[in-house]
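Next comes query_9.cif, with mmCIF, C-alpha atoms.
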data_final
#
loop_
_atom_site.group_PDB
_atom_site.id
_atom_site.type_symbol
_atom_site.label_atom_id
_atom_site.label_comp_id
_atom_site.auth_asym_id
_atom_site.auth_seq_id
_atom_site.Cartn_x
_atom_site.Cartn_y
_atom_site.Cartn_z
ATOM 1 C CA MET E 1 171.651 137.722 313.756
ATOM 2 C CA SER E 2 171.354 140.889 315.825
ATOM 3 C CA ASN E 3 167.830 140.087 317.050
ATOM 4 C CA GLY E 4 166.621 143.420 315.718
ATOM 5 C CA ARG E 5 169.384 145.406 317.452
ATOM 6 C CA CYS E 6 171.337 146.376 314.330
ATOM 7 C CA GLU E 7 171.736 150.116 313.795
ATOM 8 C CA GLU E 8 173.984 152.277 311.662
ATOM 9 C CA VAL E 9 175.311 155.775 311.235
ATOM 10 C CA SER E 10 175.789 157.247 307.774
ATOM 11 C CA VAL E 11 177.372 160.141 305.900
ATOM 12 C CA GLU E 12 175.745 161.816 302.917
ATOM 13 C CA GLU E 13 177.244 163.922 300.164
ATOM 14 C CA GLY E 14 175.042 165.655 297.610
ATOM 15 C CA GLY E 15 172.029 163.607 298.690
ATOM 16 C CA LYS E 16 173.930 160.318 298.252
ATOM 17 C CA ILE E 17 175.085 158.070 301.068
ATOM 18 C CA VAL E 18 178.874 157.772 300.822
ATOM 19 C CA GLY E 19 179.553 156.111 304.168
ATOM 20 C CA ARG E 20 177.838 153.642 306.490
ATOM 21 C CA LEU E 21 178.948 152.079 309.761
ATOM 22 C CA PRO E 22 176.653 149.321 311.106
ATOM 23 C CA PHE E 23 176.786 148.281 314.748
ATOM 24 C CA VAL E 24 174.859 146.339 317.365
ATOM 25 C CA SER E 25 174.123 147.879 320.735
ATOM 26 C CA THR E 26 173.461 145.996 323.989
ATOM 27 C CA GLN E 27 172.853 147.230 327.515
ATOM 28 C CA ARG E 28 174.724 145.703 330.472
ATOM 29 C CA GLY E 29 173.251 147.487 333.455
ATOM 30 C CA PRO E 30 174.344 151.120 333.081
ATOM 31 C CA LEU E 31 176.867 150.229 330.358
ATOM 32 C CA ARG E 32 176.103 150.531 326.660
ATOM 33 C CA ILE E 33 178.280 148.102 324.706
ATOM 34 C CA SER E 34 178.762 147.334 321.012
ATOM 35 C CA ARG E 35 180.407 144.078 319.919
ATOM 36 C CA MET E 36 180.233 141.907 316.818
ATOM 37 C CA PRO E 37 176.853 140.182 316.297
ATOM 38 C CA PRO E 38 176.723 136.364 316.628
ATOM 39 C CA PHE E 39 178.260 134.447 313.690
ATOM 40 C CA THR E 40 179.619 137.727 312.278
ATOM 41 C CA HIS E 41 183.393 137.818 311.894
ATOM 42 C CA LEU E 42 183.741 141.002 309.824
ATOM 43 C CA LEU E 43 181.925 144.319 309.933
ATOM 44 C CA GLY E 44 183.445 147.814 309.730
ATOM 45 C CA PRO E 45 182.772 150.922 307.641
ATOM 46 C CA ILE E 46 181.392 150.849 304.097
ATOM 47 C CA ILE E 47 182.795 153.871 302.273
ATOM 48 C CA ASP E 48 182.618 155.238 298.748
ATOM 49 C CA ALA E 49 185.781 157.277 298.331
ATOM 50 C CA GLY E 50 184.857 158.266 294.786
ATOM 51 C CA VAL E 51 187.272 158.499 291.880
ATOM 52 C CA GLY E 52 190.493 160.378 291.316
ATOM 53 C CA LYS E 53 194.114 160.110 292.346
ATOM 54 C CA PRO E 54 194.983 157.727 295.198
ATOM 55 C CA GLN E 55 195.891 160.678 297.440
ATOM 56 C CA THR E 56 192.514 162.307 296.772
ATOM 57 C CA ARG E 57 190.586 159.112 297.502
ATOM 58 C CA LEU E 58 192.638 158.460 300.637
ATOM 59 C CA THR E 59 191.939 161.933 302.000
ATOM 60 C CA LYS E 60 188.229 161.553 301.288
ATOM 61 C CA ARG E 61 188.051 158.089 302.864
ATOM 62 C CA LEU E 62 189.758 159.325 306.028
ATOM 63 C CA SER E 63 187.345 162.239 306.257
ATOM 64 C CA ILE E 64 184.271 160.022 305.838
ATOM 65 C CA ALA E 65 185.564 157.439 308.325
ATOM 66 C CA ARG E 66 186.208 160.096 310.974
ATOM 67 C CA GLU E 67 182.740 161.574 310.427
ATOM 68 C CA LEU E 68 181.155 158.134 310.817
ATOM 69 C CA VAL E 69 182.961 157.564 314.115
ATOM 70 C CA ASP E 70 181.940 161.014 315.361
ATOM 71 C CA LYS E 71 178.291 160.102 314.723
ATOM 72 C CA LEU E 72 178.384 156.957 316.860
ATOM 73 C CA PRO E 73 176.340 157.156 320.064
ATOM 74 C CA PRO E 74 178.327 157.117 323.325
ATOM 75 C CA PHE E 75 179.464 153.595 324.214
ATOM 76 C CA SER E 76 181.148 152.291 327.328
ATOM 77 C CA HIS E 77 182.863 149.810 325.023
ATOM 78 C CA PHE E 78 182.969 149.428 321.224
ATOM 79 C CA GLU E 79 184.812 146.809 319.185
ATOM 80 C CA GLN E 80 184.724 145.518 315.618
ATOM 81 C CA GLN E 81 186.863 143.591 313.154
ATOM 82 C CA PHE E 82 187.034 144.494 309.493
ATOM 83 C CA ASP E 83 188.834 143.702 306.261
ATOM 84 C CA PRO E 84 191.443 146.367 305.438
ATOM 85 C CA THR E 85 192.063 144.999 301.926
ATOM 86 C CA VAL E 86 188.734 146.117 300.425
ATOM 87 C CA ASP E 87 188.621 149.082 298.048
ATOM 88 C CA ASP E 88 192.007 147.982 296.648
ATOM 89 C CA GLY E 89 193.536 148.185 300.106
ATOM 90 C CA LEU E 90 192.410 151.740 300.748
ATOM 91 C CA ALA E 91 190.323 150.506 303.697
ATOM 92 C CA MET E 92 193.562 150.167 305.664
ATOM 93 C CA ALA E 93 193.213 153.912 306.190
ATOM 94 C CA ASP E 94 190.069 153.322 308.265
ATOM 95 C CA GLY E 95 192.360 152.121 311.026
ATOM 96 C CA LEU E 96 194.154 155.470 310.927
ATOM 97 C CA ALA E 97 190.868 157.356 311.196
ATOM 98 C CA LEU E 98 189.712 155.255 314.144
ATOM 99 C CA GLN E 99 193.090 155.566 315.841
ATOM 100 C CA ASP E 100 192.795 159.326 315.449
ATOM 101 C CA ARG E 101 189.504 159.109 317.369
ATOM 102 C CA GLY E 102 191.009 157.259 320.320
ATOM 103 C CA PHE E 103 190.523 153.639 319.241
ATOM 104 C CA SER E 104 193.226 151.058 319.770
ATOM 105 C CA VAL E 105 193.976 149.224 316.523
ATOM 106 C CA SER E 106 195.559 145.778 316.328
ATOM 107 C CA GLN E 107 196.081 143.282 313.543
ATOM 108 C CA LEU E 108 194.559 139.825 313.207
ATOM 109 C CA TYR E 109 195.205 137.292 310.456
ATOM 110 C CA THR E 110 193.459 134.866 308.166
ATOM 111 C CA PHE E 111 194.359 132.750 305.129
ATOM 112 C CA GLU E 112 192.811 133.340 301.716
ATOM 113 C CA ILE E 113 192.767 130.941 298.751
ATOM 114 C CA ASP E 114 191.988 132.081 295.223
ATOM 115 C CA CYS E 115 189.636 129.314 294.122
ATOM 116 C CA ARG E 116 189.350 130.859 290.655
ATOM 117 C CA LYS E 117 192.594 129.091 289.724
ATOM 118 C CA GLU E 118 192.549 125.688 288.046
ATOM 119 C CA THR E 119 191.860 122.822 290.439
ATOM 120 C CA LYS E 120 195.183 121.144 289.580
ATOM 121 C CA GLU E 121 197.023 124.324 290.530
ATOM 122 C CA LEU E 122 195.043 124.520 293.774
ATOM 123 C CA TRP E 123 195.812 120.857 294.534
ATOM 124 C CA ASP E 124 199.517 121.240 293.777
ATOM 125 C CA ALA E 125 199.749 124.332 296.004
ATOM 126 C CA MET E 126 198.813 122.322 299.095
ATOM 127 C CA HIS E 127 201.383 120.705 301.376
ATOM 128 C CA PHE E 128 201.969 117.050 300.477
ATOM 129 C CA LYS E 129 200.870 115.887 303.959
ATOM 130 C CA THR E 130 197.602 117.788 303.570
ATOM 131 C CA ARG E 131 197.019 116.005 300.261
ATOM 132 C CA GLN E 132 197.789 112.643 301.895
ATOM 133 C CA HIS E 133 195.190 113.252 304.613
ATOM 134 C CA ILE E 134 192.632 114.193 301.958
ATOM 135 C CA ARG E 135 193.263 111.039 299.913
ATOM 136 C CA ARG E 136 192.924 108.785 302.957
ATOM 137 C CA ALA E 137 189.772 110.553 304.133
ATOM 138 C CA GLU E 138 188.184 110.227 300.688
ATOM 139 C CA GLU E 139 188.681 106.451 300.943
ATOM 140 C CA LYS E 140 186.905 106.311 304.330
ATOM 141 C CA TYR E 141 184.181 108.965 304.217
ATOM 142 C CA VAL E 142 181.298 110.070 302.034
ATOM 143 C CA LEU E 143 180.739 113.768 301.322
ATOM 144 C CA ARG E 144 177.184 114.987 301.898
ATOM 145 C CA ASN E 145 175.305 118.281 301.882
ATOM 146 C CA LEU E 146 173.118 118.608 304.980
ATOM 147 C CA ASP E 147 170.039 120.767 305.493
ATOM 148 C CA ASP E 148 169.742 120.220 309.243
ATOM 149 C CA PRO E 149 171.091 123.060 311.435
ATOM 150 C CA GLN E 150 169.914 121.211 314.537
ATOM 151 C CA LEU E 151 172.102 118.218 313.686
ATOM 152 C CA PHE E 152 175.088 120.547 313.303
ATOM 153 C CA THR E 153 174.317 122.290 316.601
ATOM 154 C CA GLU E 154 173.940 119.054 318.551
ATOM 155 C CA ALA E 155 177.192 117.674 317.139
ATOM 156 C CA TYR E 156 179.056 120.924 317.865
ATOM 157 C CA LEU E 157 177.891 121.053 321.480
ATOM 158 C CA ARG E 158 178.563 117.353 322.032
ATOM 159 C CA ASN E 159 182.066 117.599 320.578
ATOM 160 C CA ILE E 160 183.041 120.740 322.454
ATOM 161 C CA ASN E 161 181.741 119.229 325.690
ATOM 162 C CA ALA E 162 183.891 116.131 325.085
ATOM 163 C CA LEU E 163 186.917 118.452 324.884
ATOM 164 C CA GLY E 164 186.026 120.005 328.239
ATOM 165 C CA ARG E 165 185.516 123.440 326.699
ATOM 166 C CA THR E 166 182.771 126.000 327.216
ATOM 167 C CA ASN E 167 180.545 126.874 324.281
ATOM 168 C CA VAL E 168 180.472 130.589 323.446
ATOM 169 C CA MET E 169 178.337 130.388 320.294
ATOM 170 C CA GLU E 170 174.720 131.615 320.426
ATOM 171 C CA PHE E 171 173.274 128.585 318.667
ATOM 172 C CA GLU E 172 169.680 129.544 319.414
ATOM 173 C CA ARG E 173 170.054 131.899 316.440
ATOM 174 C CA PHE E 174 171.765 129.420 314.131
ATOM 175 C CA PRO E 175 168.557 127.928 312.612
ATOM 176 C CA ALA E 176 167.408 131.405 311.548
ATOM 177 C CA LEU E 177 170.848 132.160 310.080
ATOM 178 C CA PHE E 178 170.844 128.859 308.215
ATOM 179 C CA GLU E 179 167.366 129.378 306.760
ATOM 180 C CA GLU E 180 168.121 132.943 305.648
ATOM 181 C CA CYS E 181 171.336 131.830 303.929
ATOM 182 C CA LYS E 182 169.564 128.860 302.362
ATOM 183 C CA SER E 183 166.808 131.088 300.952
ATOM 184 C CA ARG E 184 169.489 133.305 299.375
ATOM 185 C CA ASN E 185 171.609 130.347 298.203
ATOM 186 C CA CYS E 186 174.623 131.598 300.153
ATOM 187 C CA GLY E 187 175.195 128.973 302.865
ATOM 188 C CA GLN E 188 175.818 125.229 303.066
ATOM 189 C CA ILE E 189 176.687 122.528 305.626
ATOM 190 C CA LEU E 190 179.167 119.988 304.251
ATOM 191 C CA ALA E 191 179.591 116.735 306.169
ATOM 192 C CA ALA E 192 182.094 113.897 306.028
ATOM 193 C CA CYS E 193 180.049 110.807 306.888
ATOM 194 C CA SER E 194 181.093 107.285 307.813
ATOM 195 C CA GLN E 195 179.745 104.331 305.841
ATOM 196 C CA ASP E 196 176.716 104.090 308.177
ATOM 197 C CA GLY E 197 175.792 107.691 307.324
ATOM 198 C CA ALA E 198 176.789 109.261 310.655
ATOM 199 C CA PRO E 199 178.598 112.626 310.315
ATOM 200 C CA VAL E 200 182.187 112.470 311.538
ATOM 201 C CA SER E 201 182.863 116.149 310.902
ATOM 202 C CA MET E 202 180.983 119.113 309.466
ATOM 203 C CA VAL E 203 181.773 122.599 308.211
ATOM 204 C CA TYR E 204 179.425 125.502 307.616
ATOM 205 C CA LEU E 205 180.256 127.729 304.656
ATOM 206 C CA VAL E 206 178.735 131.092 303.731
ATOM 207 C CA TRP E 207 179.494 133.224 300.687
ATOM 208 C CA GLY E 208 178.721 136.452 298.902
ATOM 209 C CA ARG E 209 179.464 137.849 295.458
ATOM 210 C CA THR E 210 183.234 137.430 295.675
ATOM 211 C CA THR E 211 184.222 135.485 298.789
ATOM 212 C CA MET E 212 183.315 132.305 300.650
ATOM 213 C CA TYR E 213 183.967 132.009 304.400
ATOM 214 C CA TYR E 214 184.801 128.993 306.559
ATOM 215 C CA LEU E 215 182.440 130.081 309.323
ATOM 216 C CA LEU E 216 182.108 127.021 311.602
ATOM 217 C CA SER E 217 183.367 123.469 311.917
ATOM 218 C CA THR E 218 183.049 120.542 314.290
ATOM 219 C CA ARG E 219 184.670 117.117 314.485
ATOM 220 C CA SER E 220 183.971 114.092 316.661
ATOM 221 C CA ARG E 221 186.754 112.750 318.869
ATOM 222 C CA ASN E 222 187.458 109.713 316.734
ATOM 223 C CA PRO E 223 191.088 108.575 317.195
ATOM 224 C CA GLY E 224 191.057 107.026 313.722
ATOM 225 C CA ASP E 225 190.138 110.301 312.025
ATOM 226 C CA ASN E 226 192.934 112.666 311.076
ATOM 227 C CA GLY E 227 191.731 113.887 307.714
ATOM 228 C CA SER E 228 187.973 114.478 307.563
ATOM 229 C CA ILE E 229 188.271 118.265 308.016
ATOM 230 C CA ASN E 230 191.019 118.302 305.363
ATOM 231 C CA MET E 231 188.646 116.529 303.003
ATOM 232 C CA LEU E 232 185.848 119.013 303.735
ATOM 233 C CA LEU E 233 188.080 122.035 303.166
ATOM 234 C CA TRP E 234 189.302 120.595 299.866
ATOM 235 C CA SER E 235 185.644 120.038 298.921
ATOM 236 C CA ALA E 236 184.972 123.661 299.872
ATOM 237 C CA ILE E 237 187.861 124.823 297.674
ATOM 238 C CA LYS E 238 186.373 122.937 294.703
ATOM 239 C CA PHE E 239 182.950 124.353 295.604
ATOM 240 C CA GLY E 240 184.459 127.847 295.510
ATOM 241 C CA HIS E 241 186.162 127.094 292.207
ATOM 242 C CA GLU E 242 182.817 126.218 290.615
ATOM 243 C CA ARG E 243 181.465 129.605 291.690
ATOM 244 C CA GLY E 244 184.573 131.663 290.948
ATOM 245 C CA LEU E 245 185.109 132.722 294.567
ATOM 246 C CA LEU E 246 187.923 133.536 296.930
ATOM 247 C CA PHE E 247 187.964 131.337 300.042
ATOM 248 C CA ASP E 248 188.629 133.050 303.365
ATOM 249 C CA LEU E 249 189.558 130.511 306.051
ATOM 250 C CA ASP E 250 188.086 133.032 308.474
ATOM 251 C CA GLY E 251 190.583 133.754 311.174
ATOM 252 C CA VAL E 252 193.806 132.365 312.625
ATOM 253 C CA TYR E 253 193.943 132.553 316.404
ATOM 254 C CA SER E 254 196.806 130.192 317.284
ATOM 255 C CA SER E 255 200.069 128.895 315.842
ATOM 256 C CA GLY E 256 198.541 125.405 315.627
ATOM 257 C CA ALA E 257 195.649 126.680 313.518
ATOM 258 C CA ALA E 258 198.126 128.596 311.355
ATOM 259 C CA ARG E 259 200.161 125.446 310.675
ATOM 260 C CA PHE E 260 197.040 123.485 309.773
ATOM 261 C CA LEU E 261 195.501 126.134 307.510
ATOM 262 C CA ALA E 262 198.820 126.985 305.836
ATOM 263 C CA GLY E 263 198.823 123.455 304.438
ATOM 264 C CA PHE E 264 196.014 124.390 302.050
ATOM 265 C CA GLY E 265 198.190 126.774 300.066
ATOM 266 C CA GLY E 266 196.585 130.119 300.757
ATOM 267 C CA HIS E 267 198.312 133.380 301.563
ATOM 268 C CA VAL E 268 198.226 135.285 304.845
ATOM 269 C CA LYS E 269 195.813 138.202 304.867
ATOM 270 C CA PRO E 270 195.382 140.863 307.585
ATOM 271 C CA ARG E 271 192.299 141.909 309.475
ATOM 272 C CA LEU E 272 191.995 144.890 311.754
ATOM 273 C CA SER E 273 190.536 144.809 315.244
ATOM 274 C CA VAL E 274 189.484 148.177 316.655
ATOM 275 C CA ARG E 275 188.231 148.927 320.142
ATOM 276 C CA ARG E 276 187.624 151.813 322.483
ATOM 277 C CA SER E 277 186.654 151.511 326.149
ATOM 278 C CA GLY E 278 185.725 154.028 328.800
ATOM 279 C CA SER E 279 187.145 153.992 332.321
ATOM 280 C CA VAL E 280 183.935 152.606 333.857
ATOM 281 C CA TYR E 281 183.976 149.623 331.485
ATOM 282 C CA GLY E 282 187.669 149.057 332.229
ATOM 283 C CA ALA E 283 186.976 149.007 335.979
ATOM 284 C CA TRP E 284 184.027 146.651 335.477
ATOM 285 C CA GLN E 285 186.183 144.232 333.456
ATOM 286 C CA TYR E 286 188.952 144.401 336.055
ATOM 287 C CA PHE E 287 186.677 143.495 338.958
ATOM 288 C CA LYS E 288 184.946 140.804 336.906
ATOM 289 C CA GLN E 289 188.302 139.153 336.198
ATOM 290 C CA ARG E 290 189.336 139.459 339.844
ATOM 291 C CA ARG E 291 186.101 137.789 340.908
ATOM 292 C CA ALA E 292 186.550 134.968 338.396
ATOM 293 C CA LYS E 293 190.093 134.315 339.664
ATOM 294 C CA HIS E 294 188.858 134.306 343.267
ATOM 295 C CA GLU E 295 186.091 131.817 342.501
ATOM 296 C CA THR E 296 188.504 129.571 340.576
ATOM 297 C CA ALA E 297 190.960 129.589 343.466
ATOM 298 C CA HIS E 298 188.149 128.858 345.951
ATOM 299 C CA PHE E 299 187.007 125.723 344.124
ATOM 300 C CA THR E 300 190.431 124.247 343.293
#
Representation of the structure as C-alpha cells:
Amino acid sequence: MSNGRCEEVSVEEGGKIVGRLPFVSTQRGPLRISRMPPFTHLLGPIIDAGVGKPQTRLTKRLSIARELVDKLPPFSHFEQQFDPTVDDGLAMADGLALQDRGFSVSQLYTFEIDCRKETKELWDAMHFKTRQHIRRAEEKYVLRNLDDPQLFTEAYLRNINALGRTNVMEFERFPALFEECKSRNCGQILAACSQDGAPVSMVYLVWGRTTMYYLLSTRSRNPGDNGSINMLLWSAIKFGHERGLLFDLDGVYSSGAARFLAGFGGHVKPRLSVRRSGSVYGAWQYFKQRRAKHETAHFT
C-alpha cells in the first residue's frame, strides 16, 4: 500500500539480519516526511533479541533498536505506531530506545479478544446489551461474504458524506489491497444485508498467523438499525475462533468507541505512538493550522 515507496534499514550480526525497521518516505516540497502507509495501523521495529536471561535480551534489543534509528535517513517528520507486547512484551523497550534518540513516545489503546476460547465462553464474556443487539440483528439481517471492494468503497464514502465528515482514507489503493489479501487468504469483507440483499453495514477484516484485525467498517444511517455492526463483530469473533486467532479491534480513539468495544469482552491492550519532528516541520504545521483557522473564520 506504499505505492513502491516502502524502504527499510537493517542491522546485521554475524551475517544474519537481527533488526529491521520499515518506513515509507514522502516529499512535501523541501520536507521529507515518514508516516504510516494507507490502511496500515501498526509498523515498528522487527528485532531478534536472541536467547538468554531477560536482562541480556533487553540490553541487546535496546542496542539493536538504537542502531536502527541511527540508520534512518534525515526526516523533517517521522511517526509510527507499533505493538509493544510482541516478543513477550520485550518490545516495550523499543519506546525507551526511541525516546533516547529524541522521539516523543505516547500510548494508544486497543481491545483484544482471545478467539481461541470456546464460543460459549466468548458469548458469555460479552455485555448482556451487546448480546441483545446481536440477537435482534440476527433476526433482521443476513450475513454475507462479499468480494467487491468497490461496493465497500462506495458505501463507505456515501455513509461518511451523510454524516458530514471528510474522508481521509486513500480508497484508490483499496482494490489492490483487497486483491492481495484475497490471493493470500488473509482478508474478508463481511456484510449484514437486509432481506432485499442490500448491505446495511460492512466490516473489512485482515489476519496473519496469530491475529485478526478489525481494519474498516461502515454503516448506513438507518434509524432502525442499532445492532448490525454488533452482529458482524460477533461473526468475526466466531470466524477467528475457527482459525485459532486473537482478534484485535484495532484502535480506540474515543470514550464512545471504548464503551462500544468493551461490550465484546476483550481486554485493553497498549500501542505505542512515536514521533520526531524538526523545527522547520513544526513551523510549517503551525502556519498551516493558522491558515486553516483564518479560512474557517472567513467563511463562517
* Asked: With all atoms listed in the file as the atoms that count, which of E:Gly244, E:Gly89, E:Gly14, E:Pro37 lies nearest to Leu58 of chain E?
  ->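 Smallest distance to Leu58 of chain E is found for E:Gly89.
Neighbours of Pro84 of chain E closer than or equal to 9 Å, with all atoms listed in the file counted and sequence neighbours fewer than 3 positions away skipped, come out as Asp87, Asp88, Gly89, Leu90, Ala91, Met92, Ala93, Asp94, Gly95, Pro270, Arg271 and Leu272 of chain E.
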* Hey, what comes out of the PyMOL selection byres ((chain E and resi 246) around 12) on this file? Could you write it as an NGL selection string? -> :E and (111-117 or 122 or 206-214 or 236-245 or 247-250 or 266-267)
Write the residues of the preceding selection, restricted to C-alpha atoms, as a PDB file, in the frame of the given file.
ATOM      1  CA  PHE E 111     194.359 132.750 305.129  1.00  0.00           C
ATOM      2  CA  GLU E 112     192.811 133.340 301.716  1.00  0.00           C
ATOM      3  CA  ILE E 113     192.767 130.941 298.751  1.00  0.00           C
ATOM      4  CA  ASP E 114     191.988 132.081 295.223  1.00  0.00           C
ATOM      5  CA  CYS E 115     189.636 129.314 294.122  1.00  0.00           C
ATOM      6  CA  ARG E 116     189.350 130.859 290.655  1.00  0.00           C
ATOM      7  CA  LYS E 117     192.594 129.091 289.724  1.00  0.00           C
ATOM      8  CA  LEU E 122     195.043 124.520 293.774  1.00  0.00           C
ATOM      9  CA  VAL E 206     178.735 131.092 303.731  1.00  0.00           C
ATOM     10  CA  TRP E 207     179.494 133.224 300.687  1.00  0.00           C
ATOM     11  CA  GLY E 208     178.721 136.452 298.902  1.00  0.00           C
ATOM     12  CA  ARG E 209     179.464 137.849 295.458  1.00  0.00           C
ATOM     13  CA  THR E 210     183.234 137.430 295.675  1.00  0.00           C
ATOM     14  CA  THR E 211     184.222 135.485 298.789  1.00  0.00           C
ATOM     15  CA  MET E 212     183.315 132.305 300.650  1.00  0.00           C
ATOM     16  CA  TYR E 213     183.967 132.009 304.400  1.00  0.00           C
ATOM     17  CA  TYR E 214     184.801 128.993 306.559  1.00  0.00           C
ATOM     18  CA  ALA E 236     184.972 123.661 299.872  1.00  0.00           C
ATOM     19  CA  ILE E 237     187.861 124.823 297.674  1.00  0.00           C
ATOM     20  CA  LYS E 238     186.373 122.937 294.703  1.00  0.00           C
ATOM     21  CA  PHE E 239     182.950 124.353 295.604  1.00  0.00           C
ATOM     22  CA  GLY E 240     184.459 127.847 295.510  1.00  0.00           C
ATOM     23  CA  HIS E 241     186.162 127.094 292.207  1.00  0.00           C
ATOM     24  CA  GLU E 242     182.817 126.218 290.615  1.00  0.00           C
ATOM     25  CA  ARG E 243     181.465 129.605 291.690  1.00  0.00           C
ATOM     26  CA  GLY E 244     184.573 131.663 290.948  1.00  0.00           C
ATOM     27  CA  LEU E 245     185.109 132.722 294.567  1.00  0.00           C
ATOM     28  CA  PHE E 247     187.964 131.337 300.042  1.00  0.00           C
ATOM     29  CA  ASP E 248     188.629 133.050 303.365  1.00  0.00           C
ATOM     30  CA  LEU E 249     189.558 130.511 306.051  1.00  0.00           C
ATOM     31  CA  ASP E 250     188.086 133.032 308.474  1.00  0.00           C
ATOM     32  CA  GLY E 266     196.585 130.119 300.757  1.00  0.00           C
ATOM     33  CA  HIS E 267     198.312 133.380 301.563  1.00  0.00           C
TER      34      HIS E 267
END
* Which one of E:Ala198, E:Leu215, E:Val274, E:Leu42 sits closest to Ser104 of chain E if you count all atoms listed in the file? ->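 Between E:Ala198, E:Leu215, E:Val274, E:Leu42, the residue approaching Ser104 of chain E most closely is E:Val274.
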* Asked: Closest to Lys60 of chain E among E:Ile33, E:Ile229, E:Phe23, E:Glu13, using only C-alpha atoms?
  ->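 Residue with the minimum atom-to-atom distance to Lys60 of chain E: E:Glu13.
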* Asked: So how many Å separate atom CA of Ile160 of chain E and atom CA of Ser25 of chain E, to one decimal?
  ->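 Separating atom CA of Ile160 of chain E from atom CA of Ser25 of chain E is a distance of 28.6 Å.
Note that atom CA of Glu12 of chain E and atom CA of Gly52 of chain E are 18.8 Å apart.
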* Show which residues sit within 10 Å of segment 161-176 of chain E, as a list in words. Count all atoms listed in the file, and ignore same-chain residues fewer than 5 positions away. =>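 In the requested form, the answer reads Met1, Ser2, Asn3, Pro37, Pro38, Phe39, Asp148, Pro149, Gln150, Phe152, Thr153, Glu154, Ala155, Tyr156, Cys181, Lys182, Ser220 and Arg221 of chain E.
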* **Atom-to-atom span, atom CA of Ser254 of chain E and atom CA of Met36 of chain E, Å** =>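 Going from atom CA of Ser254 of chain E over to atom CA of Met36 of chain E covers 20.3 Å.
Minimum atom-to-atom distances from E:Ile64, E:Val252, E:Leu157, E:Val200 to His41 of chain E were compared using only C-alpha atoms, and the lowest value belongs to E:Val252.
If all atoms listed in the file are the atoms counted, then among E:Asn185, E:Ser76, E:Ser273, E:Thr26 the closest residue to Leu98 of chain E is E:Ser273.
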* **Selected residue of minimal separation from Leu21 of chain E among E:Arg275, E:Arg57, E:Arg219, E:Lys71, counting all atoms listed in the file** =>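 Of the candidates, the smallest distance to Leu21 of chain E is held by E:Lys71.
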* To do: Just say which residues the PyMOL selection byres ((chain E and resi 203) around 7) picks in this file, as a VMD selection string.
  => chain E and resid 189 to 191 202 204 to 205 216 to 218
Would you be able to write out as an mmCIF file with C-alpha atoms, in the frame of the given file which residues have an atom within 7 Å of (183.8, 145.8, 310.8) in the file's coordinates, counting all atoms listed in the file?
data_model
loop_
_atom_site.group_PDB
_atom_site.id
_atom_site.type_symbol
_atom_site.label_atom_id
_atom_site.label_comp_id
_atom_site.auth_asym_id
_atom_site.auth_seq_id
_atom_site.Cartn_x
_atom_site.Cartn_y
_atom_site.Cartn_z
ATOM 1 C CA LEU E 42 183.741 141.002 309.824
ATOM 2 C CA LEU E 43 181.925 144.319 309.933
ATOM 3 C CA GLY E 44 183.445 147.814 309.730
ATOM 4 C CA PRO E 45 182.772 150.922 307.641
ATOM 5 C CA GLN E 80 184.724 145.518 315.618
ATOM 6 C CA GLN E 81 186.863 143.591 313.154
ATOM 7 C CA PHE E 82 187.034 144.494 309.493
#
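Counting all atoms listed in the file, Leu72 of chain E has the following residues at most 12 Å away, ignoring those fewer than 3 positions along the same chain: E:Glu7, E:Glu8, E:Val9, E:Ser10, E:Val11, E:Arg20, E:Leu21, E:Pro22, E:Phe23, E:Val24, E:Ser25, E:Arg32, E:Ile33, E:Ser34, E:Pro45, E:Ala65, E:Arg66, E:Glu67, E:Leu68, E:Val69, E:Phe75, E:Ser76, E:His77, E:Phe78, E:Leu98, E:Arg101, E:Arg276.
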Coordinates of box centre and edge lengths for segment 26-39 of chain E, 6 Å on every side, axis-aligned, as JSON:
{"center_x": 176.6, "center_y": 142.8, "center_z": 323.6, "size_x": 19.6, "size_y": 28.7, "size_z": 31.8}
